[in-house]
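Undergrad: My questions all concern the structure below.
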Amino acid sequence: MITGAHHFPSMDEVVYGRSAADAVAELADAFGARRLFVVTTRSLDHAQGAVSGLRQALGARCVGLFSAVRAHSPREDVIACAAAARTADADLLVALGGGSVIDAVKVVQLCLWGDVRSTEQVGELVGRGGRNLAPGVRMIALPTTLSAAEFTPFAGVTDTARHAKEGYGHPKLAPRAVVLDPRLTLETPETLWFSTGLKAVDHAVEQLCNPERAPYADALAEAGLAHLTKGLAAVKARPDDLDARLECQFGMWLAISGASAGRGLGASHAIGHTLGGGYGVPHGITSCVMLPAVLAWNASVNGERQAHVAALMGRPGASAAEAVGDLARGLGLPTRLSEVGIQPAQFQAIGEATMHDRGVRSNPRPISGPADIVQILELAA
């Protein structure tokens with residue numbers, strides 16, 4: 001008999017297809033919020049962009065802007081953002097951007113709830129260290145990529161002193177609401193859009209290849225993978241196709257929702273965390289280079305599941321590694337570690353660091369030590 005539990009994030013609603021500015025104003029009214037604080041990146045903060053349009057639409061209700069969140073959400077940026085939101089007396093945080101922005105704002109919430117004012121204090125909240133904090137100011141998310149950070153109660157923030165990505169969790173960490181507006185994604189660079197799309201594919205594939213079954217989660221991951229495969233190809237053919245972009249967003253949402261079954265992901269995500277936090281490889285690119293290699297390494301223990309994945313991607317008879325690799329290459333993305341500046345001399349250190357990641361423990365083929373990680377890295381070299 002299958003046993004397990006599915007955990008739903010503490011979210012009120014997801015709005016899709018509508019203008020983000022209109023949706024944010026309505027959500028603020030529904031939540032009784034009057035002092036909205038917008039968080040984004042410098043690349044999105046320009047005169048003709050979505051951030052400017054949102055601030056204009058919100059008018060006096062927008063009491064501040066923080067546009068200095070960098071890739072991989074450094075602790076320092078989290079502290080600086082929390083300080084600015086505190087000074088502005090914000091009662092609702094609005095995260096507009098990709099996974100780095102959204103993860104940063106998740107932990108900004110913890111900082112506001114616990115009056116955390118230094119990077120050292122942030123470190124005390126790693127894992128579920130802030131679980132007992134009483135929730136205060138919450139956030140809504142306006143994603144511009146397909147990283148899916150907005151649908152989970154967890155966040156990744158980088159300790160720059162150790163060059164390590166750290167995980168944070170709290171039952172109320174997920175945004176109170178998410179707005180999926182494909183218009184916001186038109187500014188997203190092509191490589192970033194497609195690479196985070198491969199990260200979303202990674203979410204679905206590693207769940208479907210997990211040896212533990214969870215029918216509800218499997219159905220979500222299966223639908224998500226099909227939507228993503230179709231939607232990504234359609235956007236590649238016609239970048240301004242808003243329906244195709246929304247299909248990608250639906251696929252991303254479905255794929256990550258299956259992770260709420262709590263089965264854990266696998267070595268692709270585990271190695272990806274090391275490559276991102278410790279070696280500066282962009283979040284989505286880690287999946288492009290690692291997922292095909294991990295699938296090849298795992299194939300001896302879950303070939304049937306991998307055949308199912310390939311069929312869902314429209315490639316019956318191909319290996320899952322081939323299906324994923326070909327999708328990435330067709331989108332103009334790198335699929336080898338050498339293409340992103342990672343050399344064999346670094347493999348041992350990457351293997352040792354990755355062994356601390358919980359994704360290692362849920363990989364379908366047991367990983368006994370750094371040597372196994374090095375084998376996978378060699379397949380991706």
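Simple scheme: letters A, B, ... for chains in structure tokens order, numbers from 1 for residues in each chain, numbers from 1 for ligands in the order shown.
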Excluding Arg238 (chain A) and any residue of its chain fewer than 6 positions from it, enumerate the residues within 12 Å of it, using only C-alpha atoms, and give them as a tab-separated table (two decimals) with C-alpha atoms, in the first residue's frame.
TA:
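Below is the file part03.tsv, written as the result:
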chain	number	residue	atom	x	y	z
A	186	LEU	CA	8.78	39.54	-22.44
A	190	GLU	CA	15.95	34.27	-23.90
A	231	GLY	CA	5.29	25.60	-24.48
A	232	LEU	CA	9.07	26.00	-24.58
A	244	ALA	CA	2.80	29.89	-25.29
A	245	ARG	CA	4.49	31.77	-22.47
Undergrad: Apply DSSP to the structure's backbone, then extract all residues of region 95-191 of chain A labelled strand (DSSP E or B) and return them as a list in words.
TA: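 Taking region 95-191 of chain A and keeping strand (DSSP E or B) gives Ala95, Leu96, Gly97, Gly127, Met139, Ile140, Ala141, Leu142, Pro143, Phe154, Ala155, Gly156, Val157, Thr158, Asp159, Ala164, Lys165, Glu166, Gly167, Tyr168, Gly169, Ala177, Val178, Val179 and Leu180 of chain A.
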Undergrad: Please, could you write that set of residues out with N, CA, C and O atoms as an mmCIF file, in the first residue's frame?
TA:
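That gives us selection_38.cif:
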data_model
loop_
_atom_site.group_PDB
_atom_site.id
_atom_site.type_symbol
_atom_site.label_atom_id
_atom_site.label_comp_id
_atom_site.auth_asym_id
_atom_site.auth_seq_id
_atom_site.Cartn_x
_atom_site.Cartn_y
_atom_site.Cartn_z
ATOM 1 N N ALA A 95 7.407 40.975 -4.828
ATOM 2 C CA ALA A 95 8.627 40.492 -5.480
ATOM 3 C C ALA A 95 8.380 40.353 -6.968
ATOM 4 O O ALA A 95 7.539 39.550 -7.400
ATOM 5 N N LEU A 96 9.117 41.129 -7.768
ATOM 6 C CA LEU A 96 8.977 41.074 -9.217
ATOM 7 C C LEU A 96 10.322 40.652 -9.798
ATOM 8 O O LEU A 96 11.290 41.402 -9.739
ATOM 9 N N GLY A 97 10.384 39.435 -10.313
ATOM 10 C CA GLY A 97 11.640 38.946 -10.855
ATOM 11 C C GLY A 97 11.676 37.433 -10.892
ATOM 12 O O GLY A 97 10.641 36.763 -10.858
ATOM 13 N N GLY A 127 17.782 26.457 7.555
ATOM 14 C CA GLY A 127 16.928 25.294 7.775
ATOM 15 C C GLY A 127 15.565 25.771 8.239
ATOM 16 O O GLY A 127 14.936 26.607 7.612
ATOM 17 N N MET A 139 4.213 38.471 1.490
ATOM 18 C CA MET A 139 4.604 38.877 0.156
ATOM 19 C C MET A 139 3.653 38.335 -0.893
ATOM 20 O O MET A 139 2.909 37.368 -0.657
ATOM 21 N N ILE A 140 3.658 38.985 -2.058
ATOM 22 C CA ILE A 140 3.067 38.417 -3.254
ATOM 23 C C ILE A 140 4.180 38.375 -4.301
ATOM 24 O O ILE A 140 5.141 39.141 -4.225
ATOM 25 N N ALA A 141 4.070 37.471 -5.268
ATOM 26 C CA ALA A 141 5.146 37.267 -6.235
ATOM 27 C C ALA A 141 4.645 37.451 -7.654
ATOM 28 O O ALA A 141 3.567 36.960 -8.019
ATOM 29 N N LEU A 142 5.457 38.144 -8.456
ATOM 30 C CA LEU A 142 5.207 38.343 -9.875
ATOM 31 C C LEU A 142 6.417 37.778 -10.614
ATOM 32 O O LEU A 142 7.395 38.486 -10.887
ATOM 33 N N PRO A 143 6.401 36.485 -10.935
ATOM 34 C CA PRO A 143 7.583 35.854 -11.527
ATOM 35 C C PRO A 143 7.812 36.263 -12.974
ATOM 36 O O PRO A 143 6.870 36.433 -13.755
ATOM 37 N N PHE A 154 9.974 27.280 0.844
ATOM 38 C CA PHE A 154 11.412 27.187 1.102
ATOM 39 C C PHE A 154 12.133 28.245 0.277
ATOM 40 O O PHE A 154 11.607 28.753 -0.702
ATOM 41 N N ALA A 155 13.342 28.562 0.679
ATOM 42 C CA ALA A 155 14.132 29.553 -0.046
ATOM 43 C C ALA A 155 15.605 29.194 0.021
ATOM 44 O O ALA A 155 16.068 28.594 0.999
ATOM 45 N N GLY A 156 16.332 29.581 -1.016
ATOM 46 C CA GLY A 156 17.778 29.403 -1.037
ATOM 47 C C GLY A 156 18.465 30.754 -1.022
ATOM 48 O O GLY A 156 18.187 31.611 -1.864
ATOM 49 N N VAL A 157 19.333 30.969 -0.055
ATOM 50 C CA VAL A 157 20.094 32.213 0.073
ATOM 51 C C VAL A 157 21.567 31.849 0.203
ATOM 52 O O VAL A 157 21.912 30.826 0.817
ATOM 53 N N THR A 158 22.443 32.662 -0.378
ATOM 54 C CA THR A 158 23.868 32.330 -0.397
ATOM 55 C C THR A 158 24.631 33.009 0.727
ATOM 56 O O THR A 158 24.513 34.226 0.926
ATOM 57 N N ASP A 159 25.398 32.219 1.462
ATOM 58 C CA ASP A 159 26.381 32.734 2.418
ATOM 59 C C ASP A 159 27.643 32.998 1.615
ATOM 60 O O ASP A 159 28.376 32.071 1.264
ATOM 61 N N ALA A 164 28.390 29.199 -0.223
ATOM 62 C CA ALA A 164 27.475 28.063 -0.083
ATOM 63 C C ALA A 164 26.030 28.540 -0.100
ATOM 64 O O ALA A 164 25.684 29.556 0.523
ATOM 65 N N LYS A 165 25.181 27.793 -0.801
ATOM 66 C CA LYS A 165 23.746 28.073 -0.838
ATOM 67 C C LYS A 165 23.104 27.404 0.366
ATOM 68 O O LYS A 165 23.330 26.224 0.637
ATOM 69 N N GLU A 166 22.283 28.161 1.098
ATOM 70 C CA GLU A 166 21.647 27.653 2.318
ATOM 71 C C GLU A 166 20.141 27.603 2.135
ATOM 72 O O GLU A 166 19.552 28.465 1.484
ATOM 73 N N GLY A 167 19.506 26.608 2.730
ATOM 74 C CA GLY A 167 18.068 26.470 2.636
ATOM 75 C C GLY A 167 17.362 27.005 3.866
ATOM 76 O O GLY A 167 17.839 26.851 5.003
ATOM 77 N N TYR A 168 16.221 27.668 3.649
ATOM 78 C CA TYR A 168 15.405 28.219 4.722
ATOM 79 C C TYR A 168 13.976 27.730 4.539
ATOM 80 O O TYR A 168 13.511 27.572 3.401
ATOM 81 N N GLY A 169 13.266 27.514 5.640
ATOM 82 C CA GLY A 169 11.902 27.053 5.531
ATOM 83 C C GLY A 169 11.027 27.571 6.653
ATOM 84 O O GLY A 169 11.493 27.795 7.776
ATOM 85 N N ALA A 177 0.103 35.298 -2.419
ATOM 86 C CA ALA A 177 -0.519 35.172 -3.743
ATOM 87 C C ALA A 177 0.563 35.247 -4.814
ATOM 88 O O ALA A 177 1.631 35.831 -4.605
ATOM 89 N N VAL A 178 0.266 34.653 -5.961
ATOM 90 C CA VAL A 178 1.166 34.672 -7.118
ATOM 91 C C VAL A 178 0.376 35.190 -8.312
ATOM 92 O O VAL A 178 -0.794 34.822 -8.506
ATOM 93 N N VAL A 179 1.014 36.039 -9.100
ATOM 94 C CA VAL A 179 0.399 36.552 -10.329
ATOM 95 C C VAL A 179 1.220 36.072 -11.518
ATOM 96 O O VAL A 179 2.401 36.416 -11.645
ATOM 97 N N LEU A 180 0.613 35.254 -12.363
ATOM 98 C CA LEU A 180 1.269 34.759 -13.573
ATOM 99 C C LEU A 180 0.794 35.612 -14.752
ATOM 100 O O LEU A 180 -0.275 35.378 -15.320
#
Undergrad: Using only C-alpha atoms, which residues sit within 8 Å of region 279-291 of chain A once same-chain residues fewer than 3 positions away are excluded, as a PDB file with C-alpha atoms, in the first residue's frame?
TA:
ATOM      1  CA  ALA A  71      21.975  36.282  -8.439  1.00  0.00           C
ATOM      2  CA  HIS A  72      21.706  33.494  -5.857  1.00  0.00           C
ATOM      3  CA  SER A 147      12.210  28.872 -11.640  1.00  0.00           C
ATOM      4  CA  HIS A 163      30.340  30.363  -1.072  1.00  0.00           C
ATOM      5  CA  LEU A 192      17.259  32.937 -18.765  1.00  0.00           C
ATOM      6  CA  SER A 195      17.191  27.723 -18.821  1.00  0.00           C
ATOM      7  CA  THR A 196      14.712  28.225 -15.988  1.00  0.00           C
ATOM      8  CA  GLY A 197      12.283  26.295 -18.164  1.00  0.00           C
ATOM      9  CA  LEU A 198      14.762  23.416 -18.025  1.00  0.00           C
ATOM     10  CA  LYS A 199      14.849  23.832 -14.257  1.00  0.00           C
ATOM     11  CA  ASP A 202      14.033  19.074 -13.871  1.00  0.00           C
ATOM     12  CA  SER A 268      20.576  16.918 -10.477  1.00  0.00           C
ATOM     13  CA  HIS A 269      19.210  19.398  -7.963  1.00  0.00           C
ATOM     14  CA  ILE A 271      24.754  19.066  -7.711  1.00  0.00           C
ATOM     15  CA  GLY A 272      22.994  22.124  -9.087  1.00  0.00           C
ATOM     16  CA  THR A 274      26.673  23.264  -5.360  1.00  0.00           C
ATOM     17  CA  LEU A 275      27.345  24.601  -8.852  1.00  0.00           C
ATOM     18  CA  GLY A 276      25.115  27.612  -8.227  1.00  0.00           C
ATOM     19  CA  VAL A 294      22.095  12.209 -13.794  1.00  0.00           C
ATOM     20  CA  LEU A 295      19.466  10.417 -15.869  1.00  0.00           C
ATOM     21  CA  ALA A 321      18.757  11.646 -21.111  1.00  0.00           C
ATOM     22  CA  VAL A 324      16.209  16.272 -22.095  1.00  0.00           C
ATOM     23  CA  GLY A 325      19.568  16.934 -23.730  1.00  0.00           C
ATOM     24  CA  ALA A 328      18.086  21.905 -24.075  1.00  0.00           C
ATOM     25  CA  LEU A 333      21.349  26.023 -24.070  1.00  0.00           C
ATOM     26  CA  PRO A 334      24.633  24.447 -22.905  1.00  0.00           C
ATOM     27  CA  THR A 335      24.605  20.774 -21.914  1.00  0.00           C
ATOM     28  CA  ARG A 336      28.238  20.227 -20.870  1.00  0.00           C
ATOM     29  CA  LEU A 337      30.130  21.398 -17.800  1.00  0.00           C
ATOM     30  CA  VAL A 340      29.969  26.751 -18.301  1.00  0.00           C
ATOM     31  CA  LEU A 377      30.189  14.965 -13.300  1.00  0.00           C
ATOM     32  CA  ALA A 380      28.519  15.805 -17.991  1.00  0.00           C
TER      33      ALA A 380
END
Undergrad: Calculated over only C-alpha atoms, which of the candidates A:Ala261, A:Ala371, A:Leu327, A:Cys248 has the smallest distance to Ala214 (chain A)?
TA: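 For Ala214 (chain A), the nearest of the candidates is A:Ala261.
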Undergrad: Please determine, counting only C-alpha atoms, which residue among A:Thr191, A:Val122, A:Ile376, A:Glu304 has the shortest atom-to-atom distance to Gln348 (chain A).
TA: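 Residue with the minimum atom-to-atom distance to Gln348 (chain A): A:Ile376.
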Undergrad: With only C-alpha atoms as the basis for distance, which of A:Ala349, A:Ala381, A:Val301, A:Val205 is at the shortest distance from Pro364 (chain A)?
TA: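 Among A:Ala349, A:Ala381, A:Val301, A:Val205, it is A:Val301 that comes nearest to Pro364 (chain A).
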Undergrad: Skipping near chain neighbours, those fewer than 2 positions away, what residues fall within 9 Å of Cys81 (chain A) using only C-alpha atoms, listed as a ChimeraX atom specification?
TA: /A:39,66-69,76-79,83-86,104-105,108
Undergrad: Pick out the residues sitting within 7 Å of Ser260 (chain A), and hand them over as a ChimeraX atom specification; count only C-alpha atoms, and ignore anything fewer than 5 positions along from it in its own chain.
TA: /A:6-8
Undergrad: Taking C-alpha atoms for each residue, export the selection above as a PDB file, in the first residue's frame.
TA:
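out-v6.pdb was written with the following content:
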ATOM      1  CA  HIS A   6       0.959  15.886   0.440  1.00  0.00           C
ATOM      2  CA  HIS A   7       1.754  19.308   1.904  1.00  0.00           C
ATOM      3  CA  PHE A   8       0.022  22.362   0.443  1.00  0.00           C
TER       4      PHE A   8
END
Undergrad: Identify which of the residues A:Met313, A:Asn210, A:Pro239, A:Arg131 lies closest to Ala223 (chain A), counting only C-alpha atoms when measuring atom-to-atom distances.
TA: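 Closest residue, counting only C-alpha atoms: A:Met313.
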Undergrad: Which residues are close to Leu58 (chain A), i.e. within 9 Å by only C-alpha atoms, leaving aside same-chain residues fewer than 2 positions away? Reply as a PyMOL selection string.
TA: chain A and resi 21-22+24-25+36+53-56+60-62
Undergrad: For the selection just defined, write its residues with all heavy atoms to a file, as a short mmCIF file (atom, residue, chain, number, x, y, z; two decimals), in the first residue's frame.
TA:
data_model
loop_
_atom_site.label_atom_id
_atom_site.label_comp_id
_atom_site.auth_asym_id
_atom_site.auth_seq_id
_atom_site.Cartn_x
_atom_site.Cartn_y
_atom_site.Cartn_z
N ALA A 21 -0.38 44.65 -12.87
CA ALA A 21 -0.67 45.87 -12.12
C ALA A 21 -2.09 45.85 -11.56
O ALA A 21 -2.32 46.19 -10.39
CB ALA A 21 -0.47 47.09 -13.03
N ASP A 22 -3.06 45.44 -12.39
CA ASP A 22 -4.44 45.37 -11.91
C ASP A 22 -4.58 44.32 -10.82
O ASP A 22 -5.26 44.54 -9.81
CB ASP A 22 -5.38 45.02 -13.07
CG ASP A 22 -5.49 46.15 -14.09
OD1 ASP A 22 -5.13 47.29 -13.75
OD2 ASP A 22 -5.93 45.86 -15.22
N VAL A 24 -2.29 43.14 -8.72
CA VAL A 24 -1.64 43.53 -7.47
C VAL A 24 -2.51 44.51 -6.72
O VAL A 24 -2.67 44.41 -5.48
CB VAL A 24 -0.25 44.13 -7.75
CG1 VAL A 24 0.33 44.78 -6.49
CG2 VAL A 24 0.70 43.04 -8.24
N ALA A 25 -3.09 45.48 -7.40
CA ALA A 25 -3.96 46.45 -6.73
C ALA A 25 -5.16 45.76 -6.08
O ALA A 25 -5.52 46.07 -4.93
CB ALA A 25 -4.43 47.50 -7.74
N LEU A 36 2.83 49.24 -0.02
CA LEU A 36 3.45 48.16 -0.78
C LEU A 36 4.91 48.50 -1.10
O LEU A 36 5.21 49.63 -1.53
CB LEU A 36 2.68 47.91 -2.08
CG LEU A 36 1.40 47.07 -1.97
CD1 LEU A 36 0.35 47.73 -1.10
CD2 LEU A 36 0.84 46.77 -3.36
N GLY A 53 6.08 50.50 -14.68
CA GLY A 53 4.64 50.46 -14.90
C GLY A 53 3.87 50.08 -13.65
O GLY A 53 2.81 50.64 -13.36
N LEU A 54 4.41 49.12 -12.89
CA LEU A 54 3.75 48.69 -11.66
C LEU A 54 3.72 49.83 -10.65
O LEU A 54 2.69 50.09 -10.02
CB LEU A 54 4.48 47.48 -11.08
CG LEU A 54 3.96 46.96 -9.74
CD1 LEU A 54 2.53 46.48 -9.87
CD2 LEU A 54 4.85 45.83 -9.22
N ARG A 55 4.85 50.52 -10.48
CA ARG A 55 4.90 51.62 -9.51
C ARG A 55 3.93 52.73 -9.89
O ARG A 55 3.24 53.30 -9.02
CB ARG A 55 6.33 52.16 -9.42
CG ARG A 55 7.32 51.16 -8.86
CD ARG A 55 8.70 51.80 -8.72
NE ARG A 55 8.73 52.75 -7.61
CZ ARG A 55 9.75 53.56 -7.36
NH1 ARG A 55 10.81 53.55 -8.17
NH2 ARG A 55 9.72 54.37 -6.33
N GLN A 56 3.85 53.04 -11.16
CA GLN A 56 2.93 54.07 -11.61
C GLN A 56 1.48 53.66 -11.33
O GLN A 56 0.66 54.47 -10.90
CB GLN A 56 3.13 54.35 -13.09
CG GLN A 56 4.44 55.05 -13.42
CD GLN A 56 4.63 55.24 -14.91
OE1 GLN A 56 3.69 55.11 -15.70
NE2 GLN A 56 5.86 55.53 -15.33
N ALA A 60 0.48 56.15 -4.87
CA ALA A 60 0.96 56.44 -3.51
C ALA A 60 1.07 55.20 -2.65
O ALA A 60 1.72 55.23 -1.60
CB ALA A 60 0.03 57.46 -2.85
N ARG A 61 0.43 54.12 -3.08
CA ARG A 61 0.51 52.89 -2.26
C ARG A 61 1.87 52.23 -2.35
O ARG A 61 2.21 51.40 -1.52
CB ARG A 61 -0.58 51.90 -2.68
CG ARG A 61 -1.95 52.31 -2.18
CD ARG A 61 -2.93 51.16 -2.23
NE ARG A 61 -3.32 50.85 -3.59
CZ ARG A 61 -4.30 49.99 -3.90
NH1 ARG A 61 -4.94 49.36 -2.93
NH2 ARG A 61 -4.62 49.75 -5.15
N CYS A 62 2.67 52.58 -3.37
CA CYS A 62 4.03 52.06 -3.46
C CYS A 62 4.93 52.96 -2.62
O CYS A 62 5.21 54.10 -2.99
CB CYS A 62 4.50 52.04 -4.91
SG CYS A 62 6.17 51.40 -5.11
#
Undergrad: Got a sec: who's within 8 Å of Arg263 (chain A), counting only C-alpha atoms, leaving out chain neighbours fewer than 5 positions off, as a list of chain:residue names?
TA: A:Gln207, A:Asn210, A:Glu212, A:Ser362
Undergrad: Could the residues in this selection be saved with C-alpha atoms as a short mmCIF file (atom, residue, chain, number, x, y, z; two decimals), in the first residue's frame?
TA:
data_model
loop_
_atom_site.label_atom_id
_atom_site.label_comp_id
_atom_site.auth_asym_id
_atom_site.auth_seq_id
_atom_site.Cartn_x
_atom_site.Cartn_y
_atom_site.Cartn_z
CA GLN A 207 9.83 13.59 -9.20
CA ASN A 210 11.71 8.92 -7.79
CA GLU A 212 8.44 6.34 -4.29
CA SER A 362 16.68 10.86 -2.37
#
Undergrad: Kindly indicate which residue among A:Asp29, A:Pro316, A:Leu184, A:Gln121 lies nearest to Ser52 (chain A), using only C-alpha atoms for the distances.
TA: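 Smallest distance to Ser52 (chain A) is found for A:Leu184.
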